[in-house]
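See below for final-v4.txt, which holds compact mmCIF, C-alpha atoms.
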```
# COMPACT_ATOMS: atom_id res chain seq x y z
CA MET A 12 0.00 0.00 0.00
CA PRO A 13 1.36 3.49 -0.81
CA ARG A 14 2.75 5.93 1.70
CA TYR A 15 -0.10 8.36 1.05
CA GLY A 16 -3.38 6.86 2.14
CA PHE A 17 -2.47 3.71 4.02
CA ARG A 18 -2.96 5.19 7.48
CA LEU A 19 -6.31 6.75 6.59
CA ALA A 20 -7.46 3.42 5.16
CA ALA A 21 -6.57 1.73 8.43
CA CYS A 22 -8.60 4.29 10.39
CA LEU A 23 -11.59 3.84 8.12
CA LEU A 24 -11.44 0.13 8.83
CA GLY A 25 -11.38 0.71 12.58
CA ALA A 26 -7.72 0.05 13.26
CA VAL A 27 -6.07 1.29 16.43
CA GLY A 28 -3.46 4.02 16.49
CA CYS A 29 -5.32 6.47 14.28
CA GLY A 30 -3.87 9.32 16.27
CA ALA A 31 -0.65 8.65 14.39
CA LEU A 32 -2.06 10.09 11.17
CA ALA A 33 0.29 13.01 11.71
CA ALA A 34 3.15 10.59 11.02
CA THR A 35 2.24 10.48 7.32
CA PRO A 36 5.26 11.73 5.34
CA PRO A 37 5.22 15.48 4.64
CA LEU A 38 4.13 16.65 1.22
CA PRO A 39 6.85 17.37 -1.35
CA ALA A 40 7.78 21.07 -1.29
CA ASN A 41 6.22 21.89 -4.66
CA ILE A 42 2.87 20.35 -3.71
CA ALA A 43 2.87 21.88 -0.23
CA ALA A 44 3.45 25.30 -1.78
CA ALA A 45 0.65 24.73 -4.30
CA ALA A 46 -1.75 23.70 -1.56
CA ALA A 47 -0.90 26.84 0.43
CA ASP A 48 -1.24 29.19 -2.56
CA PRO A 49 -3.47 32.14 -1.48
CA ALA A 50 -5.08 32.08 -4.94
CA ARG A 51 -6.85 28.84 -4.03
CA SER A 52 -7.97 29.85 -0.55
CA ASP A 53 -11.54 29.13 -1.63
CA GLN A 54 -10.59 25.48 -2.22
CA VAL A 55 -8.70 24.73 0.96
CA ALA A 56 -11.86 23.60 2.74
CA GLN A 57 -12.29 20.90 0.05
CA ASP A 58 -8.87 19.41 0.69
CA ALA A 59 -9.95 17.56 3.83
CA LYS A 60 -12.57 15.66 1.81
CA ARG A 61 -10.91 15.40 -1.61
CA HIS A 62 -7.31 14.93 -0.42
CA GLY A 63 -5.99 16.70 -3.49
CA PRO A 64 -2.48 17.48 -2.21
CA GLU A 65 -1.94 13.93 -0.93
CA ILE A 66 -3.20 12.44 -4.19
CA LEU A 67 -0.81 14.63 -6.20
CA ALA A 68 1.98 13.32 -3.97
CA PHE A 69 0.84 9.74 -4.62
CA ALA A 70 0.88 10.48 -8.37
CA GLY A 71 4.42 11.85 -8.05
CA VAL A 72 3.77 15.31 -9.54
CA ARG A 73 7.08 17.16 -9.85
CA PRO A 74 8.14 20.65 -10.91
CA ARG A 75 8.32 21.04 -14.72
CA ALA A 76 6.00 18.06 -15.27
CA LYS A 77 3.53 17.97 -18.15
CA VAL A 78 0.09 16.91 -16.96
CA VAL A 79 -3.24 16.08 -18.60
CA ASP A 80 -6.33 16.79 -16.50
CA LEU A 81 -8.90 14.75 -18.43
CA ILE A 82 -12.42 16.16 -18.00
CA PRO A 83 -11.28 18.76 -15.48
CA GLY A 84 -14.67 19.79 -14.09
CA GLY A 85 -14.56 22.93 -11.96
CA GLY A 86 -10.77 23.12 -11.99
CA TYR A 87 -9.99 21.92 -8.47
CA TRP A 88 -7.30 19.55 -9.72
CA THR A 89 -6.00 21.85 -12.44
CA ARG A 90 -5.34 24.62 -9.95
CA LEU A 91 -3.25 22.26 -7.83
CA PHE A 92 -1.44 20.84 -10.85
CA ALA A 93 -0.65 24.26 -12.31
CA LYS A 94 1.02 25.49 -9.15
CA SER A 95 2.75 22.16 -8.42
CA VAL A 96 4.43 21.87 -11.83
CA GLY A 97 5.30 25.58 -11.88
CA PRO A 98 5.79 27.96 -14.81
CA LYS A 99 8.15 25.56 -16.60
CA GLY A 100 5.61 22.76 -16.41
CA HIS A 101 2.27 22.59 -18.20
CA VAL A 102 -1.30 21.41 -17.68
CA TYR A 103 -3.55 20.37 -20.56
CA GLY A 104 -7.21 20.42 -19.58
CA ILE A 105 -8.94 18.12 -22.06
CA TRP A 106 -12.67 18.39 -22.68
CA PRO A 107 -14.14 15.64 -24.87
CA ALA A 108 -16.66 17.40 -27.12
CA GLU A 109 -19.36 14.84 -26.38
CA TYR A 110 -18.99 15.33 -22.63
CA ALA A 111 -18.99 19.13 -22.93
CA LYS A 112 -22.33 19.00 -24.73
CA VAL A 113 -23.93 17.15 -21.85
CA ASP A 114 -22.23 19.07 -19.03
CA SER A 115 -22.18 22.47 -20.68
CA ASP A 116 -21.96 24.55 -17.49
CA GLU A 117 -18.31 23.68 -16.74
CA PRO A 118 -16.17 24.26 -19.87
CA GLY A 119 -16.84 28.03 -19.95
CA PRO A 120 -15.71 28.73 -16.37
CA TYR A 121 -12.75 26.40 -16.90
CA GLN A 122 -11.67 28.43 -19.93
CA THR A 123 -11.92 31.54 -17.76
CA LEU A 124 -9.64 29.89 -15.19
CA ALA A 125 -7.10 29.01 -17.87
CA SER A 126 -7.09 32.65 -19.00
CA SER A 127 -6.62 34.01 -15.48
CA PRO A 128 -3.38 35.55 -14.19
CA GLY A 129 -1.13 32.91 -12.66
CA TYR A 130 -2.43 30.13 -14.90
CA GLY A 131 -0.49 30.80 -18.06
CA ASN A 132 0.77 27.21 -17.96
CA VAL A 133 -2.75 25.84 -18.56
CA THR A 134 -4.01 25.03 -22.07
CA VAL A 135 -7.58 23.96 -22.84
CA LEU A 136 -8.00 21.27 -25.50
CA ASP A 137 -11.41 20.50 -26.99
CA GLN A 138 -11.42 17.28 -29.01
CA PRO A 139 -13.60 14.26 -29.80
CA ALA A 140 -13.63 11.65 -27.05
CA ALA A 141 -12.23 9.03 -29.40
CA VAL A 142 -9.27 11.19 -30.45
CA LEU A 143 -7.44 12.07 -27.22
CA ALA A 144 -4.13 13.68 -28.20
CA THR A 145 -1.60 16.07 -26.69
CA PRO A 146 0.80 18.56 -28.33
CA GLU A 147 3.72 16.85 -26.57
CA LYS A 148 4.41 13.72 -24.57
CA VAL A 149 3.31 14.12 -20.97
CA ASP A 150 4.34 12.80 -17.56
CA LEU A 151 0.87 12.22 -16.12
CA VAL A 152 -2.65 11.63 -17.39
CA PHE A 153 -5.14 12.11 -14.58
CA THR A 154 -8.90 11.66 -14.50
CA ALA A 155 -11.19 11.86 -11.48
CA GLN A 156 -14.67 10.32 -11.44
CA ASN A 157 -14.97 10.27 -15.22
CA TYR A 158 -13.37 7.06 -16.50
CA HIS A 159 -16.77 5.39 -16.20
CA ASP A 160 -18.31 7.96 -18.57
CA TYR A 161 -16.33 6.55 -21.48
CA MET A 162 -18.44 3.40 -21.29
CA ASP A 163 -21.68 5.25 -22.05
CA LYS A 164 -23.36 6.01 -25.38
CA PHE A 165 -23.32 9.79 -24.97
CA MET A 166 -19.53 9.75 -25.33
CA GLY A 167 -19.83 8.58 -28.92
CA PRO A 168 -17.85 5.84 -30.69
CA VAL A 169 -15.29 5.22 -27.96
CA ASP A 170 -14.53 2.30 -25.68
CA PRO A 171 -12.01 1.54 -22.91
CA ALA A 172 -9.45 0.13 -25.34
CA THR A 173 -9.56 3.28 -27.49
CA LEU A 174 -9.19 5.59 -24.51
CA ASN A 175 -6.42 3.62 -22.81
CA LYS A 176 -4.39 3.20 -25.99
CA ALA A 177 -4.61 6.95 -26.59
CA VAL A 178 -3.45 7.66 -23.04
CA PHE A 179 -0.58 5.22 -23.49
CA ALA A 180 0.48 7.04 -26.68
CA ALA A 181 0.30 10.44 -24.98
CA LEU A 182 2.60 9.49 -22.10
CA LYS A 183 6.37 9.48 -21.97
CA PRO A 184 8.04 6.18 -21.08
CA GLY A 185 7.70 5.91 -17.31
CA GLY A 186 4.66 8.20 -17.36
CA ILE A 187 1.79 7.73 -14.93
CA TYR A 188 -1.91 7.17 -15.58
CA LEU A 189 -3.94 7.90 -12.43
CA ILE A 190 -7.63 7.03 -12.27
CA ILE A 191 -10.06 7.93 -9.50
CA ASP A 192 -13.62 6.66 -9.76
CA HIS A 193 -16.66 5.55 -7.80
CA ALA A 194 -16.55 1.85 -6.99
CA ALA A 195 -19.36 -0.42 -8.13
CA GLU A 196 -20.23 -3.88 -6.85
CA ALA A 197 -17.50 -6.43 -7.42
CA GLY A 198 -18.08 -8.37 -10.61
CA SER A 199 -20.51 -5.80 -12.08
CA GLY A 200 -18.18 -4.68 -14.87
CA HIS A 201 -19.78 -1.77 -16.76
CA ARG A 202 -23.32 -2.54 -15.64
CA ASP A 203 -23.71 0.56 -13.46
CA THR A 204 -21.74 3.18 -15.38
CA ASN A 205 -24.78 4.95 -16.83
CA THR A 206 -27.24 4.34 -13.99
CA LEU A 207 -25.28 4.64 -10.75
CA HIS A 208 -22.21 6.35 -12.28
CA ARG A 209 -19.98 3.65 -10.79
CA ILE A 210 -17.61 1.07 -12.24
CA ASP A 211 -16.12 -2.18 -11.02
CA PRO A 212 -12.48 -1.47 -10.05
CA ALA A 213 -11.39 -4.88 -11.33
CA SER A 214 -12.68 -3.98 -14.80
CA VAL A 215 -10.65 -0.79 -14.81
CA LYS A 216 -7.48 -2.62 -13.81
CA ALA A 217 -7.98 -5.27 -16.49
CA GLU A 218 -8.72 -2.73 -19.24
CA VAL A 219 -5.81 -0.45 -18.47
CA THR A 220 -3.24 -3.22 -18.14
CA ALA A 221 -4.51 -4.69 -21.43
CA ALA A 222 -3.36 -1.46 -23.08
CA GLY A 223 0.23 -2.11 -21.97
CA PHE A 224 0.33 -0.36 -18.59
CA ARG A 225 1.71 -1.84 -15.38
CA PHE A 226 -0.40 -1.50 -12.25
CA VAL A 227 1.95 0.04 -9.68
CA GLY A 228 -0.22 0.86 -6.70
CA GLU A 229 -3.40 2.15 -5.17
CA SER A 230 -4.35 4.62 -2.47
CA HIS A 231 -7.25 4.29 -0.05
CA LEU A 232 -7.51 8.01 0.69
CA LEU A 233 -11.05 8.10 -0.73
CA ALA A 234 -12.16 4.64 0.38
CA ASN A 235 -15.40 4.30 2.33
CA PRO A 236 -16.20 0.75 3.48
CA GLY A 237 -19.63 2.00 4.62
CA ASP A 238 -20.77 2.62 1.05
CA ASP A 239 -22.75 -0.42 -0.15
CA HIS A 240 -22.22 0.43 -3.86
CA SER A 241 -25.94 0.14 -4.62
CA LYS A 242 -26.84 3.83 -4.66
CA LYS A 243 -26.41 6.40 -7.40
CA VAL A 244 -23.46 8.64 -6.54
CA PHE A 245 -25.79 11.67 -6.48
CA ASP A 246 -28.05 10.10 -3.85
CA PRO A 247 -28.01 12.42 -0.78
CA ALA A 248 -27.22 9.40 1.39
CA VAL A 249 -23.80 8.94 -0.26
CA ARG A 250 -23.05 12.05 -2.30
CA GLY A 251 -19.64 13.42 -1.42
CA HIS A 252 -18.52 10.29 0.42
CA THR A 253 -18.83 7.37 -1.98
CA ASP A 254 -16.31 4.57 -1.92
CA GLN A 255 -13.70 5.62 -4.50
CA PHE A 256 -10.66 3.76 -5.74
CA ILE A 257 -7.41 5.47 -6.78
CA TYR A 258 -5.37 3.36 -9.18
CA LYS A 259 -1.88 4.19 -10.40
CA PHE A 260 -0.55 2.73 -13.63
CA LYS A 261 2.82 3.22 -15.32
CA LYS A 262 3.86 3.11 -18.95
CA PRO A 263 6.96 0.90 -19.21
```

Mind turning the file's structure into structure tokens?
Amino acid sequence: MPRYGFRLAACLLGAVGCGALAATPPLPANIAAAAADPARSDQVAQDAKRHGPEILAFAGVRPRAKVVDLIPGGGYWTRLFAKSVGPKGHVYGIWPAEYAKVDSDEPGPYQTLASSPGYGNVTVLDQPAAVLATPEKVDLVFTAQNYHDYMDKFMGPVDPATLNKAVFAALKPGGIYLIIDHAAEAGSGHRDTNTLHRIDPASVKAEVTAAGFRFVGESHLLANPGDDHSKKVFDPAVRGHTDQFIYKFKKP
């Protein structure tokens, strides 16, 4: 189990010694500085729930890195990435056209963020879901709570193999593919992607490794053993605290 997340996972499972959470290794300097950036003071309250800084540390985000934030939503992750990689790094926020049509309230504000002072290292890319491509090879492709969307008809003629092969091509050798998503019932495959907005973690692992990636670890920072996986992620009973897996894959 990785350094970032193993102690929290133990606490969630009722283990003793949870007061030792403070013993978790400190964040790398670039990520700690990004987390403390006054420009994101409105997001700091989300960190306790979303664990953004710790997840960036688990992903291994370094200064000068090139990062893809795939379906970047409201920009929470992009803002952390942009400050963590610094002015000599770059963040590509990729909006699949099919997704943007369905969730049309987010791309506009995200474009505004990318045009804001202090975010000159952010580029917005609008492209078909089946044609993910980057202007240069990148160090990290990251997607949070959206891998499961690629299984659904609204995303057009795309499937897991198409997506994962495109991500593989976009990464440098040694590059990281990090996926966060809502866990579905074990053995359910893609059954719940369009209804509950969940996916079976085992399916994700099998699909990504089939594209040539090596599975190199997982974090339990967003795990919730109390989630029974039967509710839609927007159900008030579970919204904001679903059981989520964080899988880390590496291109050889």

Quote the spacing between atom CA of Phe69 of chain A and atom CA of Val133 of chain A in Å to one decimal place.
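These atoms are spaced 21.6 Å apart.
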
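Interatomic distance, atom CA of Leu189 of chain A to atom CA of Val78 of chain A: 10.9 Å.
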
Taking a cut-off of 12 Å and counting all atoms listed in the file, can you build a table that, for each residue of segment 27-105 of chain A near segment 159-182 of chain A, reports the nearest atom pair and how far apart they are in Å (one decimal), sorted by chain then residue number, as a Markdown table?
```
| residue | atom | partner | partner_atom | distance |
| --- | --- | --- | --- | --- |
| A:Ala76 | CA | A:Leu182 | CA | 11.5 |
| A:Lys77 | CA | A:Leu182 | CA | 9.4 |
| A:Val78 | CA | A:Leu182 | CA | 9.4 |
| A:Val79 | CA | A:Ala181 | CA | 9.2 |
| A:Asp80 | CA | A:Val178 | CA | 11.6 |
| A:Leu81 | CA | A:Val178 | CA | 10.1 |
| A:Ile82 | CA | A:Asp160 | CA | 10.1 |
| A:Tyr103 | CA | A:Ala181 | CA | 11.5 |
| A:Ile105 | CA | A:Val178 | CA | 11.9 |
```

Nearest to Gly228 of chain A, restricted to all atoms listed in the file and choosing among A:Val102, A:Ile187, A:Ala111, A:Ala248, comes out as A:Ile187

Near Asp239 of chain A, counting only C-alpha atoms, which residues have an atom at most 9 Å away, once you skip same-chain residues fewer than 2 positions from it, shown as number ranges by chain?
A: 195-196, 236-237, 241-242, 253-254

Centre and edge lengths of an axis-aligned box around all listed atoms of segment 39-51 of chain A, with 4 Å added on each side, are to be given in Å to one decimal, as AutoDock Vina command-line options.
```
--center_x 0.5 --center_y 24.8 --center_z -2.3 --size_x 22.6 --size_y 22.8 --size_z 13.4
```

Neighbours of Asn132 of chain A within 10 Å (all atoms listed in the file; same-chain residues fewer than 3 positions away dropped), as a list in words?
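Everything that qualifies: Lys77, Phe92, Ala93, Lys94, Val96, Gly97, Pro98, Lys99, Gly100, His101, Val102, Tyr103, Ala125, Ser126 and Gly129 of chain A.
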
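Closest approach to Glu65 of chain A from the set A:Trp88, A:Phe224, A:Phe260, A:Tyr158 is made by A:Trp88, with distances taken over all atoms listed in the file.
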
Please report the interatomic distance between atom CA of Arg73 of chain A and atom CA of Lys259 of chain A in Å with one decimal.
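So the answer is 15.8 Å.
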
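If only C-alpha atoms are the atoms counted, then among A:Ala108, A:Val113, A:Leu67, A:Lys183 the closest residue to Thr145 of chain A is A:Lys183.
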
Residue nearest His62 of chain A - candidates A:Gly119, A:Ile42, A:Asp150, A:Pro49, atoms counted: all atoms listed in the file:
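The answer is A:Ile42, which sits nearest to His62 of chain A.
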